[in-house]
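Note: the block below is target.cif and it holds mmCIF, C-alpha atoms and all ligand atoms.
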data_protein
loop_
_atom_site.label_atom_id
_atom_site.label_comp_id
_atom_site.auth_asym_id
_atom_site.auth_seq_id
_atom_site.Cartn_x
_atom_site.Cartn_y
_atom_site.Cartn_z
CA MET A 1 11.85 2.20 -14.04
CA MET A 2 10.78 1.47 -10.49
CA ILE A 3 8.46 -1.43 -11.27
CA ARG A 4 8.17 -3.69 -14.29
CA CYS A 5 5.47 -6.35 -14.42
CA LYS A 6 5.95 -8.84 -17.22
CA GLU A 7 3.07 -11.15 -18.04
CA VAL A 8 2.17 -11.54 -14.38
CA THR A 9 -0.44 -14.21 -13.83
CA LYS A 10 -1.87 -15.32 -10.50
CA THR A 11 -4.28 -18.20 -10.19
CA PHE A 12 -5.98 -19.62 -7.13
CA ARG A 13 -7.70 -22.96 -6.60
CA LYS A 14 -11.10 -22.42 -5.09
CA ASN A 15 -13.35 -25.41 -4.38
CA GLY A 16 -11.52 -27.33 -7.08
CA ALA A 17 -12.02 -24.60 -9.67
CA GLU A 18 -9.26 -22.35 -10.91
CA VAL A 19 -9.70 -18.61 -10.38
CA VAL A 20 -7.51 -16.33 -12.46
CA SER A 21 -6.85 -13.25 -10.37
CA LEU A 22 -4.22 -11.63 -12.59
CA ASP A 23 -4.05 -12.54 -16.23
CA ARG A 24 -0.79 -11.74 -18.05
CA PHE A 25 -0.60 -8.31 -16.49
CA THR A 26 2.15 -6.24 -18.07
CA ALA A 27 2.86 -2.64 -17.02
CA GLU A 28 5.62 -0.32 -15.87
CA ILE A 29 5.53 2.25 -13.13
CA ALA A 30 8.18 4.95 -12.99
CA ALA A 31 9.61 6.44 -9.81
CA GLY A 32 7.64 9.55 -8.89
CA GLU A 33 4.37 8.46 -10.48
CA PHE A 34 0.98 8.60 -8.81
CA VAL A 35 -1.04 5.76 -10.32
CA ALA A 36 -4.67 5.09 -9.55
CA VAL A 37 -5.95 1.52 -9.98
CA ARG A 38 -9.60 0.99 -10.71
CA GLY A 39 -11.78 -1.95 -11.53
CA PRO A 40 -14.83 -3.84 -10.31
CA SER A 41 -14.75 -6.00 -7.22
CA GLY A 42 -12.87 -9.22 -7.92
CA SER A 43 -10.93 -7.77 -10.85
CA GLY A 44 -7.56 -8.42 -9.19
CA LYS A 45 -6.71 -5.04 -7.64
CA THR A 46 -5.68 -6.39 -4.24
CA THR A 47 -3.80 -9.25 -5.87
CA LEU A 48 -1.90 -6.72 -7.97
CA LEU A 49 -0.88 -4.62 -4.96
CA LEU A 50 0.24 -7.64 -2.94
CA THR A 51 2.21 -8.84 -5.95
CA LEU A 52 3.87 -5.44 -6.49
CA GLY A 53 4.74 -5.29 -2.81
CA GLY A 54 6.55 -8.61 -2.70
CA MET A 55 3.83 -10.17 -0.57
CA GLN A 56 2.39 -12.61 -3.05
CA ARG A 57 4.38 -14.66 -5.51
CA PRO A 58 2.84 -14.77 -8.98
CA SER A 59 2.02 -18.12 -10.57
CA ALA A 60 3.80 -17.00 -13.73
CA GLY A 61 5.58 -13.92 -15.00
CA ALA A 62 8.00 -11.62 -13.24
CA VAL A 63 8.01 -8.45 -11.19
CA GLN A 64 11.08 -6.24 -11.20
CA PHE A 65 11.56 -3.68 -8.47
CA GLY A 66 14.38 -1.22 -9.09
CA GLY A 67 15.84 -3.59 -11.66
CA ARG A 68 15.85 -6.56 -9.30
CA ASP A 69 13.71 -9.65 -9.86
CA LEU A 70 11.51 -9.32 -6.78
CA TYR A 71 10.54 -12.98 -6.50
CA GLY A 72 14.00 -14.18 -7.51
CA LEU A 73 15.48 -12.59 -4.37
CA PRO A 74 16.14 -14.73 -1.30
CA PRO A 75 13.19 -14.29 1.11
CA ALA A 76 15.20 -12.33 3.68
CA GLU A 77 16.34 -9.88 1.04
CA ARG A 78 12.83 -9.47 -0.31
CA ALA A 79 11.58 -8.83 3.22
CA ARG A 80 14.28 -6.21 3.71
CA LEU A 81 13.39 -4.49 0.47
CA ARG A 82 9.71 -4.57 1.40
CA SER A 83 10.14 -3.04 4.81
CA GLY A 84 12.77 -0.54 3.70
CA GLU A 85 11.29 0.75 0.48
CA ILE A 86 7.57 0.02 0.49
CA GLY A 87 4.77 1.24 2.73
CA PHE A 88 1.31 -0.33 2.79
CA VAL A 89 -2.04 1.19 3.66
CA PHE A 90 -5.10 -1.06 3.73
CA GLN A 91 -8.83 -0.44 3.78
CA MET A 92 -9.24 -2.15 7.14
CA PHE A 93 -6.30 -0.27 8.71
CA HIS A 94 -4.54 -3.40 10.11
CA LEU A 95 -3.65 -1.75 13.41
CA VAL A 96 -2.73 -3.57 16.60
CA PRO A 97 -5.39 -2.81 19.23
CA TYR A 98 -3.26 -3.33 22.34
CA LEU A 99 -0.44 -1.03 21.24
CA ASP A 100 -0.71 2.72 21.59
CA LEU A 101 -0.46 4.95 18.53
CA LEU A 102 3.29 5.39 18.84
CA GLY A 103 3.68 1.61 19.15
CA ASN A 104 1.57 1.09 16.04
CA VAL A 105 3.72 3.45 13.99
CA LEU A 106 6.86 1.76 15.32
CA LEU A 107 5.59 -1.61 14.12
CA ALA A 108 7.13 -0.65 10.78
CA ALA A 109 10.60 -0.48 12.33
CA PRO A 110 12.49 -3.57 11.21
CA GLY A 111 13.99 -4.35 14.62
CA ARG A 112 13.98 -2.80 18.04
CA PRO A 113 13.10 0.87 17.42
CA SER A 114 16.01 3.28 17.74
CA ASP A 115 15.72 6.68 19.43
CA ALA A 116 15.76 8.26 15.98
CA GLU A 117 12.86 6.06 14.89
CA ARG A 118 10.90 6.94 18.02
CA GLU A 119 11.45 10.61 17.31
CA ARG A 120 10.43 10.19 13.70
CA ALA A 121 7.30 8.27 14.71
CA ALA A 122 6.30 11.03 17.13
CA GLY A 123 6.95 13.63 14.43
CA LEU A 124 4.78 11.74 11.95
CA LEU A 125 1.94 11.53 14.48
CA ASP A 126 2.23 15.32 14.81
CA GLU A 127 2.15 15.79 11.06
CA LEU A 128 -0.92 13.62 10.76
CA GLY A 129 -2.72 15.49 13.50
CA LEU A 130 -2.45 12.73 16.10
CA GLY A 131 0.44 14.06 18.17
CA LYS A 132 -1.63 14.66 21.28
CA ARG A 133 -2.93 11.11 21.17
CA ALA A 134 0.34 9.18 20.97
CA SER A 135 -0.48 7.17 24.10
CA HIS A 136 -4.05 6.36 23.08
CA ARG A 137 -5.06 3.04 21.52
CA PRO A 138 -6.48 2.68 18.01
CA GLY A 139 -9.88 1.73 19.50
CA GLU A 140 -10.22 5.28 20.80
CA LEU A 141 -9.84 6.76 17.32
CA SER A 142 -12.33 7.58 14.60
CA ALA A 143 -12.03 5.76 11.26
CA GLY A 144 -10.34 8.77 9.67
CA GLU A 145 -7.84 8.99 12.52
CA ARG A 146 -7.10 5.27 12.28
CA GLN A 147 -6.30 5.58 8.64
CA ARG A 148 -4.04 8.58 9.29
CA LEU A 149 -2.27 6.41 11.85
CA ALA A 150 -1.83 3.71 9.20
CA VAL A 151 -0.37 6.35 6.86
CA ALA A 152 2.09 7.43 9.57
CA ARG A 153 3.18 3.82 9.96
CA ALA A 154 3.59 3.45 6.19
CA LEU A 155 5.83 6.55 6.16
CA LEU A 156 8.11 5.57 9.06
CA ASN A 157 10.87 3.99 6.99
CA ARG A 158 10.86 6.76 4.36
CA PRO A 159 9.63 4.37 1.67
CA LYS A 160 10.06 5.03 -2.01
CA LEU A 161 6.68 3.52 -2.78
CA ILE A 162 3.34 3.50 -1.03
CA LEU A 163 0.80 0.86 -1.99
CA ALA A 164 -2.66 1.82 -0.78
CA ASP A 165 -5.58 -0.59 -1.17
CA GLU A 166 -8.88 1.26 -0.96
CA PRO A 167 -7.61 3.29 2.01
CA THR A 168 -10.64 5.54 1.85
CA GLY A 169 -13.18 2.74 1.47
CA ASN A 170 -14.40 3.07 5.07
CA LEU A 171 -14.17 6.85 5.31
CA ASP A 172 -16.58 9.72 4.79
CA PRO A 173 -15.66 12.15 2.00
CA GLU A 174 -13.91 14.64 4.28
CA ASN A 175 -11.71 12.06 5.93
CA ALA A 176 -11.11 10.40 2.58
CA ALA A 177 -9.91 13.70 1.14
CA GLU A 178 -7.57 14.18 4.07
CA VAL A 179 -5.98 10.74 3.67
CA ILE A 180 -5.55 11.41 -0.06
CA ARG A 181 -3.94 14.77 0.79
CA HIS A 182 -1.29 12.97 2.84
CA LEU A 183 -0.60 10.53 0.02
CA ALA A 184 -0.38 13.49 -2.37
CA ALA A 185 2.11 15.21 -0.06
CA PHE A 186 4.26 12.07 -0.06
CA HIS A 187 4.07 12.14 -3.86
CA GLN A 188 4.97 15.85 -3.94
CA ASP A 189 8.10 15.00 -1.97
CA GLY A 190 9.14 12.58 -4.70
CA GLY A 191 7.41 9.40 -3.52
CA THR A 192 5.67 6.92 -5.79
CA VAL A 193 2.05 6.01 -5.08
CA VAL A 194 -0.11 3.18 -6.36
CA LEU A 195 -3.61 3.68 -5.04
CA VAL A 196 -6.64 1.44 -5.48
CA THR A 197 -9.69 3.61 -5.17
CA HIS A 198 -13.31 3.81 -6.22
CA GLY A 199 -13.66 7.40 -5.12
CA THR A 200 -12.84 10.53 -7.08
CA ALA A 201 -10.80 12.26 -4.36
CA ALA A 202 -7.52 11.20 -5.95
CA ASP A 203 -8.41 12.08 -9.54
CA GLN A 204 -6.67 15.44 -9.37
CA HIS A 205 -3.44 13.81 -8.16
CA ALA A 206 -3.26 10.66 -10.25
CA GLY A 207 -1.14 11.03 -13.35
CA ARG A 208 -2.43 7.78 -14.76
CA ILE A 209 -5.21 5.29 -14.21
CA LEU A 210 -4.74 1.54 -14.61
CA ARG A 211 -8.02 -0.22 -15.19
CA LEU A 212 -8.37 -3.87 -14.33
CA ASP A 213 -11.03 -6.14 -15.70
CA GLN A 214 -11.01 -9.82 -14.77
CA GLY A 215 -7.31 -9.65 -13.98
CA ARG A 216 -6.41 -8.02 -17.26
CA LEU A 217 -5.25 -4.52 -17.95
CA ALA A 218 -8.11 -2.83 -19.76
CA ALA A 219 -7.58 -0.16 -22.38
CA ASN A 220 -7.93 3.31 -20.89
P1 LIG B 1 -10.26 -6.99 -6.01
O1 LIG B 1 -9.28 -6.48 -5.03
O2 LIG B 1 -10.23 -6.27 -7.33
O3 LIG B 1 -11.65 -7.07 -5.48
P2 LIG B 1 -8.87 -9.53 -5.64
O4 LIG B 1 -7.49 -9.33 -6.12
O5 LIG B 1 -9.10 -9.52 -4.18
O6 LIG B 1 -9.84 -8.50 -6.39
O7 LIG B 1 -9.42 -10.92 -6.18
C1 LIG B 1 -9.42 -11.28 -7.56
C2 LIG B 1 -9.96 -12.68 -7.70
O8 LIG B 1 -9.08 -13.61 -7.11
C3 LIG B 1 -11.32 -12.89 -7.04
O9 LIG B 1 -12.07 -13.78 -7.82
C4 LIG B 1 -10.95 -13.51 -5.72
O10 LIG B 1 -11.99 -14.30 -5.21
C5 LIG B 1 -9.74 -14.33 -6.07
N1 LIG B 1 -8.80 -14.44 -4.93
C6 LIG B 1 -8.06 -13.45 -4.41
N2 LIG B 1 -7.31 -13.90 -3.38
C7 LIG B 1 -7.61 -15.22 -3.25
C8 LIG B 1 -7.17 -16.26 -2.38
N3 LIG B 1 -6.25 -16.03 -1.41
N4 LIG B 1 -7.70 -17.49 -2.54
C9 LIG B 1 -8.60 -17.76 -3.51
N5 LIG B 1 -9.06 -16.82 -4.38
C10 LIG B 1 -8.57 -15.58 -4.25
MG MG B 2 -9.51 -5.68 -3.14
#

Starting from the file, lay out its structure as structure tokens.
Ligand code: ADP
Ligand code: MG
Amino acid sequence: MMIRCKEVTKTFRKNGAEVVSLDRFTAEIAAGEFVAVRGPSGSGKTTLLLTLGGMQRPSAGAVQFGGRDLYGLPPAERARLRSGEIGFVFQMFHLVPYLDLLGNVLLAAPGRPSDAERERAAGLLDELGLGKRASHRPGELSAGERQRLAVARALLNRPKLILADEPTGNLDPENAAEVIRHLAAFHQDGGTVVLVTHGTAADQHAGRILRLDQGRLAAN
């Protein structure tokens, strides 16, 4: 099993009140799955992805990644696992405006980019239809192109898992479909995808849908 969540609970304090973002969430995700996550706004979808990705420690419960207790690992080891095995794609792209496209893809490289990483980054820009624009800045791109750039960055380290949080939320249907196609291609090549989405573009690819409701896994 790639991921095991056992009774994962995350609470926040907000203006003195306690907000339960994940409520005893228990689920398993196998390597090679394409899982869609759905649920109303505020149901804990983003919290779940951050928690799965080693970016947000749960208040209670445990997350196992490849048999290892993700939040029991020393921080440096968790960071290494995160950058080596997990790619993230966000709704708001999270690109760096002053770096060119190649530089943005190479942000995923853990240290100083090697020649091989530079070559791979250029190859990914080609694959995602941005090869001719490698020296442009994100500000010169359309929303669809920006998200393809974010996908290229997520792919740089040949991750096993891609976590995508409403990556098509700011895209028109055509560009949304194209981004989903790239995630589906990653899945076809053996990758695991967990995708938060409100749209229907991924329905044909998702093998399973996890529904969240107030931080709890709802019956399908
Ligand atoms: P979704 O992605 O499904 O919209 P989130 O995971 O972002 O839901 O949020 C779930 C709940 O947790 C919401 O009530 C939200 O306000 C709260 N929450 C999320 N992150 C924080 C935070 N950093 N601080 C306080 N409350 C938070
Ligand atoms: Mg969210």

Box for ligand LIG 1 (chain B): with edges along x, y and z, all listed atoms inside and 8 Å added on each side, what are the centre and edge lengths in Å to one decimal, as AutoDock Vina command-line options?
--center_x -9.2 --center_y -12.0 --center_z -4.6 --size_x 21.8 --size_y 27.5 --size_z 22.4

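The two atoms in question, atom CA of Pro159 of chain A and atom CA of Pro97 of chain A, are spaced 24.2 Å apart.
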
Q: Within 10 Å of Glu127 of chain A, counting all atoms listed in the file, which residues show up once you throw out same-chain ones fewer than 4 positions away? Write them as a PyMOL selection string, please.
A: chain A and resi 121-123+131+148+152+182

**Q.** For Gly61 of chain A, the nearest of the candidates A:Tyr98, A:Phe12, A:Phe25, A:Phe186, counting all atoms listed in the file
**A.** A:Phe25

Q | Who sits within 9 Å of Gly144 of chain A, only C-alpha atoms, same chain under 6 positions skipped, as a VMD selection string | A | chain A and resid 168 170 to 172 174 to 176 178 to 179

Q | 8 Å shell around ligand LIG 1 (chain B) using all atoms listed in the file, listed as a list of chain:residue names | A |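 Within the 8 Å cut-off, the matching residues are A:Thr11, A:Phe12, A:Arg13, A:Lys14, A:Val19, A:Val20, A:Ser21, A:Leu22, A:Gly39, A:Pro40, A:Ser41, A:Gly42, A:Ser43, A:Gly44, A:Lys45, A:Thr46, A:Thr47, A:Leu48, A:Asp165, A:Leu212, A:Gln214, A:Gly215.
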
Q: Figure out the distance between atom CA of Leu52 of chain A and atom CA of Ile3 of chain A, please, to one decimal in Å.
A: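 So the answer is 7.7 Å.
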
Q.
Quick check, in Å to one decimal: how far apart do atom CA of Lys6 of chain A and atom CA of Ile209 of chain A lie?
A. 18.3 Å

**Q.** Residue nearest Leu70 of chain A - candidates A:Glu117, A:Cys5, A:Leu102, A:Ala185, atoms counted: only C-alpha atoms
**A.**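 Of A:Glu117, A:Cys5, A:Leu102, A:Ala185, the one nearest Leu70 of chain A is A:Cys5, counting only C-alpha atoms.
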
Q.
Can you pull out the residues contacting Val89 of chain A? Cut-off 12 Å, using only C-alpha atoms, and skip same-chain residues under 4 positions away; I want them as a PyMOL selection string.
A. chain A and resi 46+49-50+53+93-95+108+146-155+161-169+179-180+182-183+193-197

Q | Nearest to Arg118 of chain A by atom-to-atom distance, counting only C-alpha atoms, from A:Ala30, A:Ala202, A:Leu130, A:Leu101 | A | A:Leu101

Q) Residues at most 7 Å from Arg211 of chain A, counting all atoms listed in the file, excluding those fewer than 6 positions away in the same chain, as a ChimeraX atom specification? A) /A:37-39,217-218,220

Extract segment 173-184 of chain A from the structure I just pasted (atoms: N, CA, C and O atoms) and return it as an mmCIF file, in the first residue's frame.
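Wrote it out as part.cif, contents follow:
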data_model
loop_
_atom_site.group_PDB
_atom_site.id
_atom_site.type_symbol
_atom_site.label_atom_id
_atom_site.label_comp_id
_atom_site.auth_asym_id
_atom_site.auth_seq_id
_atom_site.Cartn_x
_atom_site.Cartn_y
_atom_site.Cartn_z
ATOM 1 N N PRO A 173 -12.806 24.823 -19.815
ATOM 2 C CA PRO A 173 -12.928 23.370 -19.991
ATOM 3 C C PRO A 173 -11.845 22.755 -20.882
ATOM 4 O O PRO A 173 -11.343 21.667 -20.585
ATOM 5 N N GLU A 174 -11.458 23.450 -21.940
ATOM 6 C CA GLU A 174 -10.449 22.878 -22.838
ATOM 7 C C GLU A 174 -9.098 22.741 -22.153
ATOM 8 O O GLU A 174 -8.437 21.708 -22.243
ATOM 9 N N ASN A 175 -8.704 23.810 -21.476
ATOM 10 C CA ASN A 175 -7.420 23.759 -20.770
ATOM 11 C C ASN A 175 -7.479 22.805 -19.590
ATOM 12 O O ASN A 175 -6.493 22.146 -19.266
ATOM 13 N N ALA A 176 -8.633 22.731 -18.953
ATOM 14 C CA ALA A 176 -8.809 21.780 -17.850
ATOM 15 C C ALA A 176 -8.608 20.364 -18.377
ATOM 16 O O ALA A 176 -7.865 19.563 -17.790
ATOM 17 N N ALA A 177 -9.224 20.062 -19.502
ATOM 18 C CA ALA A 177 -9.116 18.713 -20.073
ATOM 19 C C ALA A 177 -7.666 18.403 -20.407
ATOM 20 O O ALA A 177 -7.200 17.266 -20.224
ATOM 21 N N GLU A 178 -6.944 19.406 -20.885
ATOM 22 C CA GLU A 178 -5.549 19.143 -21.245
ATOM 23 C C GLU A 178 -4.705 18.841 -20.012
ATOM 24 O O GLU A 178 -3.872 17.923 -20.024
ATOM 25 N N VAL A 179 -4.904 19.592 -18.941
ATOM 26 C CA VAL A 179 -4.153 19.331 -17.703
ATOM 27 C C VAL A 179 -4.482 17.919 -17.191
ATOM 28 O O VAL A 179 -3.592 17.164 -16.796
ATOM 29 N N ILE A 180 -5.761 17.574 -17.232
ATOM 30 C CA ILE A 180 -6.167 16.229 -16.780
ATOM 31 C C ILE A 180 -5.514 15.168 -17.660
ATOM 32 O O ILE A 180 -5.076 14.121 -17.168
ATOM 33 N N ARG A 181 -5.433 15.439 -18.962
ATOM 34 C CA ARG A 181 -4.777 14.473 -19.871
ATOM 35 C C ARG A 181 -3.332 14.202 -19.445
ATOM 36 O O ARG A 181 -2.868 13.067 -19.500
ATOM 37 N N HIS A 182 -2.629 15.243 -19.021
ATOM 38 C CA HIS A 182 -1.239 15.046 -18.595
ATOM 39 C C HIS A 182 -1.171 14.246 -17.297
ATOM 40 O O HIS A 182 -0.284 13.404 -17.133
ATOM 41 N N LEU A 183 -2.109 14.490 -16.393
ATOM 42 C CA LEU A 183 -2.139 13.690 -15.160
ATOM 43 C C LEU A 183 -2.476 12.241 -15.500
ATOM 44 O O LEU A 183 -1.913 11.302 -14.919
ATOM 45 N N ALA A 184 -3.380 12.059 -16.462
ATOM 46 C CA ALA A 184 -3.763 10.698 -16.869
ATOM 47 C C ALA A 184 -2.582 9.978 -17.520
ATOM 48 O O ALA A 184 -2.401 8.768 -17.324
#
